Structures are given as structure tokens and as C-alpha cells.
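Reading through the C-alpha cells given below for one structure.
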Amino acid sequence: MAKNFFPLAIAKGSAFCNRHDEQKQLLDHINKHAHVVLIAPRRYGKSSLSSQVAERWASDKQKRLAIRISMLSAWNVDIVSDKIIEGVGQALSKMCPLVNMDEIKKLASSLNQIGFSLSLSLDGFTVGLSGTRKDNTSTLISISKILSKLDEVAANTGWKVMLEIDEFQEISRLDENHAVEAEIREAVQYTDNIACVFLGSNRQMLEAMFSDKTRPFYHMCHIMRIHRIEPVHYHLHLEEAAKAQWGKTLNVQVIELILNLTERHPYYVNKLCSELWRMERTPNLDTTRSCWLSIAQEEESSIVAMMTALSLTQKAVISALAFSPEKLLGSKQFLDRVGLASSTARTAIKQLKKDDMVYQDHEGFWHAMNPCLLVCLQK
Ligand SMILES: Nc1ncnc2c1ncn2[C@@H]1O[C@H](COP(=O)(O)OP(=O)(O)OP(=O)(O)O)[C@@H](O)[C@H]1O
Ligand SMILES: [Mg+2]
């Protein structure tokens with residue numbers, strides 16, 4: 001089967017472009033058993049980065065294990081607890097192979113004391129884990145107890161665990177949000193053998209969990225902010241992918257056009273390239289432009305919905321930025337361009353930033369987040 005260099009889901013293997021610095025930084029934290037939260041706007045590549053690092057880290061040395069839990073479906077405390085128990089169960093299965101029944105019996109009895117039972121799987125090679133649940137309080141406590149137990153078993157067996165918790169912001173939507181956060185914090189703040197990576201698709205909610213002084217996770221983790229991938233790295237990535245697909249590299253102007261049209265938004269780069277890479281011949285400037293127009297057309301209804309939800313002043317600001325990015329949003333020049341008073345523009349800009357509708361590039365220029373907006377506005 002032909003390689004998929006441009007997936008719309010998690011980028012892995014040869015589809016994963018660079019992020020060497022981010023990978024190194026994340027690996028350093030994990031090796032120090034420090035907890036990290038990955039923060040970025042939607043579809044920037046948080047899950048891809050975390051999964052790439054998890055794979056590298058776990059395969060680098062023996063007795064390393066990466067477990068991924070997604071809280072997407074967690075709409076009550078019981079589900080959060082089940083998800084964590086399931087993840088810990090997978091880890092115990094790996095860390096405690098059924099070679100030593102005495103050890104397994106010891107583990108079963110120590111788990112029993114904190115309200116969990118251990119079972120053998122049908123194939124007889126792995127252990128299963130289930131928790132007893134009497135009421136909400138015990139469910140809550142079981143979360144910290146089982147995470148602490150995981151750390152203890154890892155210490156006794158010489159394993160290190162990377163625990164990725166994706167869509168972590170969903171916990172903040174539960175009625176008992178602070179209590180659940182407090183239980184997870186209670187366990188992970190003392191761990192020596194588990195490094196947690198928290199991530200999620202709602203930046204605003206996730207950021208609030210980790211930077212609000214009144215919340216349990218305040219100052220608990222290293223915050224890593226993920227930005228767009230640099231042009232130089234995308235150039236290499238697209239050249240490699242072109243060689244693999246057509247046996248020759250792409251015209252450099254075509255690569256630049258791809259990066260300009262998509263503004264290097266990782267999702268849109270993959271969306272455009274996945275279409276271009278289906279062509280029999282290497283794309284030229286015209287085919288690239290027309291492909292981008294059809295992608296923007298596909299996006300039109302969601303862009304219309306997005307614009308309709310904005311206030312008129314927000315609309316004025318984001319439209320101006322889509323046509324021409326701006327460094328100083330409070331400058332007279334920009335205010336004249338959008339025709340707004342300074343205080344009105346300030347309120348609109350604040351909300352647009354908060355909602356990740358706009359982003360700032362390395363040179364300090366503010367742009368509209370969605371690169372398709374310009375095409376829709378030009379119609
Ligand atoms: N390093 C990378 N190289 C190439 N493509 C990438 C890279 N990182 C992400 N992508 C692509 O960007 C898109 C978004 O990736 P991913 O799902 O990892 O982002 P995310 O930030 O976790 O998204 P969400 O906010 O929805 O959780 C996907 O199409 C993915 O393949
Ligand atoms: Mg994600």
C-alpha cells in the first residue's frame with residue numbers, strides 16, 4: 001500500500017514532520033519524570049507530537065511503557081475512574097507478566113486492600129483489573145489509589161511509565177471537576193516512575209485548568225506551547241514525500257505556494273497535500289491553487305457558521321487580518337483600517353485571541369487562524 005504522508009488524523013512515522021526541538025524538550029521532561037501539559041490551538045499537532053514521543057521513548061530502552069488514555073467520552077466520574085483503571089490495568093499486564101504466580105498473588109492481595117480485584121485473562125497471559133465502586137466518594141478515592149499503586153508496582157519492578165491523558169479538559173466539565181482534578185494531582189505529585197503528559201483539543205479550558213491559582217493543577221506541570229512548523233522543515237518534508245510519490249522533487253515555488261496558502265497550519269498542509277499527492281504528476285502552481293480553492297469551498301459552510309457567531313466588531317477585525325496581517329493591533333493605522341474606536345477594537349481582539357480565532361507569527365504579525373477564510377471572503 002502507498003504511504004500516506006499526509007494523514008488528517010495523527011501523523012506518525014514518515015508522515016511526522018520534524019518537531020525535533022519539541023520532541024527533545026518533551027523527552028527531557030519525561031526522562032526526569034516531570035509532568036507536562038501541551039498547549040496549542042486546535043489541530044496544531046499536540047496528539048501527534050505526544051504519540052511520536054511516546055513511541056520513541058518506549059522503544060528506546062527496555063522496561064519503558066507508554067499508556068494513552070482519552071477522556072473524550074468521560075461525562076461522569078465513574079467513566080474517568082474506569083478509563084484510568086483500564087490504563088493502569090494495561091500497564092500492570094505488561095509490568096507483571098504471569099511468570100511468577102507468587103508475585104501476582106501478592107499484587108492481587110495488595111490491590112484488594114484498596115478495593116480492586118485482579119483477574120487472569122482468558123488467554124492466561126495477561127492480568128485484568130477491575131475496581132469496586134460503592135459510591136462517588138470511593139470512586140474518587142480509587143482514582144488516586146490506583147495511580148499511586150501503579151507508581152509503586154513500577155518502582156518494585158523497575159519500569160518507567162509515560163501516561164498520556166488526551167482530551168483532559170473534559171474533566172473540567174464534570175460536576176465534581178475540582179475533586180477529580182485534586183485526586184489525580186494527589187497521586188501524580190508524588191510519583192517517581194510515572195511522567196504524565198496532559199493534552200486536549202480545547203486550549204482555553206485546558207489552560208484554565210493549569211494556570212488558575214484556585215485549581216488543583218496550578219503550577220503542577222511544565223507548560224509546553226506548540227507553534228506552527230517552520231518553513232525549512234516543511235520544505236524537506238514535502239521534498240521527501242514528493243520523491244517517494246513521483247520519484248522527483250517538487251518545484252520550490254510550488255512548495256512555497258503550498259506553505260503560503262495554508263499558512264503552515266499543520267491540518268491544512270496535510271489537507272491540501274493529501275489532495276495534491278493523489279495526482280499522477282507533480283502539481284504545478286495552477287493545480288495547487290485550484291485544489292486549494294476546492295478545499296476552501298468545502299470549508300465554506302463551517303466558516304460561515306464561525307463568522308455568524310462573531311460580533312460585528314470581531315468580524316471586522318478578523319476579516320482585516322485575513323486580508324493583511326498586522327503587527328500592532330492597537331495602532332492608529334490598523335484602527336483606521338477597520339474603522340473602529342480603540343476600546344471597541346480592544347474588546348473584540350481580546351475575545352478573538354481567547355477563542356484562538358487569530359494567531360501571532362514569530363515576527364509578531366497577527367493573522368486569522370483559518371487560512372481558508374481569505375478565499376471565502378474574496379468570493
Ligand atoms: N509533526 C507533524 N508533521 C506532519 N503533520 C502533522 C504533524 N503534527 C500534526 N500533523 C497533522 O496536523 C493535523 C492535526 O494533528 P493532531 O490531531 O495531532 O493535532 P491536535 O493538536 O492534537 O488536534 P486537536 O486539537 O483536534 O486535538 C493532522 O492532520 C496531523 O496529521
Ligand atoms: Mg488531539
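All residue names refer to the C-alpha cells as shown: chains lettered A, B, ... in order, residues numbered from 1 in each chain, ligands numbered from 1 in order.
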
Contacts to ligand 1 at 9 Å cut-off (only C-alpha atoms and all ligand atoms) as a PyMOL selection string
chain A and resi 5-12+14-19+38-52+166-167+199-203+226+228-229+234+237+265-271

Considering only C-alpha atoms, return as a PDB file with N, CA and C atoms, in the first residue's frame whatever protein or nucleic-acid residues lie within 12 Å of Arg215 of chain A, sequence-local ones (same chain, fewer than 2 positions apart) excluded.
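Saved as part_4.pdb:
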ATOM      1  N   SER A 172     -12.816  18.963  33.374  1.00  0.00           N
ATOM      2  CA  SER A 172     -13.256  20.227  33.971  1.00  0.00           C
ATOM      3  C   SER A 172     -14.738  20.491  33.716  1.00  0.00           C
ATOM      4  N   ASN A 177     -15.613  18.453  39.104  1.00  0.00           N
ATOM      5  CA  ASN A 177     -14.338  18.657  38.410  1.00  0.00           C
ATOM      6  C   ASN A 177     -13.144  18.891  39.340  1.00  0.00           C
ATOM      7  N   HIS A 178     -13.304  19.796  40.298  1.00  0.00           N
ATOM      8  CA  HIS A 178     -12.155  20.113  41.149  1.00  0.00           C
ATOM      9  C   HIS A 178     -11.748  18.901  41.983  1.00  0.00           C
ATOM     10  N   ALA A 179     -12.749  18.122  42.426  1.00  0.00           N
ATOM     11  CA  ALA A 179     -12.445  16.951  43.255  1.00  0.00           C
ATOM     12  C   ALA A 179     -11.674  15.907  42.437  1.00  0.00           C
ATOM     13  N   VAL A 180     -12.077  15.705  41.178  1.00  0.00           N
ATOM     14  CA  VAL A 180     -11.372  14.711  40.342  1.00  0.00           C
ATOM     15  C   VAL A 180      -9.953  15.207  40.061  1.00  0.00           C
ATOM     16  N   GLU A 181      -9.845  16.494  39.717  1.00  0.00           N
ATOM     17  CA  GLU A 181      -8.506  17.058  39.456  1.00  0.00           C
ATOM     18  C   GLU A 181      -7.639  16.899  40.706  1.00  0.00           C
ATOM     19  N   ALA A 182      -8.239  17.140  41.868  1.00  0.00           N
ATOM     20  CA  ALA A 182      -7.471  17.047  43.120  1.00  0.00           C
ATOM     21  C   ALA A 182      -6.984  15.623  43.358  1.00  0.00           C
ATOM     22  N   GLU A 183      -7.827  14.633  43.036  1.00  0.00           N
ATOM     23  CA  GLU A 183      -7.418  13.224  43.248  1.00  0.00           C
ATOM     24  C   GLU A 183      -6.268  12.841  42.316  1.00  0.00           C
ATOM     25  N   ARG A 185      -4.154  14.894  40.932  1.00  0.00           N
ATOM     26  CA  ARG A 185      -2.974  15.642  41.389  1.00  0.00           C
ATOM     27  C   ARG A 185      -2.358  14.970  42.613  1.00  0.00           C
ATOM     28  N   MET A 205      -9.975  25.806  27.862  1.00  0.00           N
ATOM     29  CA  MET A 205     -10.344  25.051  29.068  1.00  0.00           C
ATOM     30  C   MET A 205      -9.114  24.420  29.704  1.00  0.00           C
ATOM     31  N   LEU A 206      -8.224  23.909  28.857  1.00  0.00           N
ATOM     32  CA  LEU A 206      -7.025  23.243  29.373  1.00  0.00           C
ATOM     33  C   LEU A 206      -6.124  24.253  30.083  1.00  0.00           C
ATOM     34  N   GLU A 207      -5.986  25.396  29.447  1.00  0.00           N
ATOM     35  CA  GLU A 207      -5.128  26.438  30.017  1.00  0.00           C
ATOM     36  C   GLU A 207      -5.684  26.866  31.377  1.00  0.00           C
ATOM     37  N   ALA A 208      -7.016  26.986  31.471  1.00  0.00           N
ATOM     38  CA  ALA A 208      -7.631  27.394  32.743  1.00  0.00           C
ATOM     39  C   ALA A 208      -7.320  26.373  33.840  1.00  0.00           C
ATOM     40  N   MET A 209      -7.303  25.087  33.483  1.00  0.00           N
ATOM     41  CA  MET A 209      -7.049  24.050  34.493  1.00  0.00           C
ATOM     42  C   MET A 209      -5.654  24.178  35.088  1.00  0.00           C
ATOM     43  N   PHE A 210      -4.696  24.622  34.246  1.00  0.00           N
ATOM     44  CA  PHE A 210      -3.291  24.617  34.683  1.00  0.00           C
ATOM     45  C   PHE A 210      -2.775  25.989  35.105  1.00  0.00           C
ATOM     46  N   SER A 211      -3.526  27.036  34.784  1.00  0.00           N
ATOM     47  CA  SER A 211      -2.975  28.341  35.146  1.00  0.00           C
ATOM     48  C   SER A 211      -3.862  29.157  36.084  1.00  0.00           C
ATOM     49  N   ASP A 212      -4.942  28.540  36.552  1.00  0.00           N
ATOM     50  CA  ASP A 212      -5.803  29.234  37.504  1.00  0.00           C
ATOM     51  C   ASP A 212      -5.353  28.830  38.915  1.00  0.00           C
ATOM     52  N   LYS A 213      -5.013  29.834  39.706  1.00  0.00           N
ATOM     53  CA  LYS A 213      -4.472  29.590  41.051  1.00  0.00           C
ATOM     54  C   LYS A 213      -5.398  28.772  41.938  1.00  0.00           C
ATOM     55  N   PHE A 217      -4.386  21.783  39.609  1.00  0.00           N
ATOM     56  CA  PHE A 217      -3.205  21.570  38.763  1.00  0.00           C
ATOM     57  C   PHE A 217      -2.338  22.819  38.573  1.00  0.00           C
ATOM     58  N   TYR A 218      -2.677  23.878  39.306  1.00  0.00           N
ATOM     59  CA  TYR A 218      -1.910  25.116  39.184  1.00  0.00           C
ATOM     60  C   TYR A 218      -0.429  24.867  39.526  1.00  0.00           C
ATOM     61  N   HIS A 219       0.447  25.242  38.617  1.00  0.00           N
ATOM     62  CA  HIS A 219       1.910  25.105  38.817  1.00  0.00           C
ATOM     63  C   HIS A 219       2.359  23.666  39.072  1.00  0.00           C
ATOM     64  N   MET A 220       1.618  22.692  38.532  1.00  0.00           N
ATOM     65  CA  MET A 220       1.971  21.287  38.762  1.00  0.00           C
ATOM     66  C   MET A 220       2.808  20.733  37.616  1.00  0.00           C
TER      67      MET A 220
END

Residues within 7 Å of segment 244-256 of chain A, only C-alpha atoms, excluding chain neighbours under 5 positions, as a PyMOL selection string
chain A and resi 235+239+281-282+284-285

Same residues, C-alpha atoms, saved as a tab-separated table (two decimals), in the first residue's frame:
chain	number	residue	atom	x	y	z
A	235	HIS	CA	10.41	22.14	2.64
A	239	GLU	CA	10.62	17.15	-0.91
A	281	ARG	CA	2.03	14.08	-11.95
A	282	THR	CA	3.76	16.55	-9.70
A	284	ASN	CA	2.23	22.90	-10.60
A	285	LEU	CA	1.21	26.37	-9.42

One residue among A:Ile84, A:Leu92, A:Glu152, A:Glu103 is nearest to Leu140 of chain A when using only C-alpha atoms, and that residue is A:Ile84
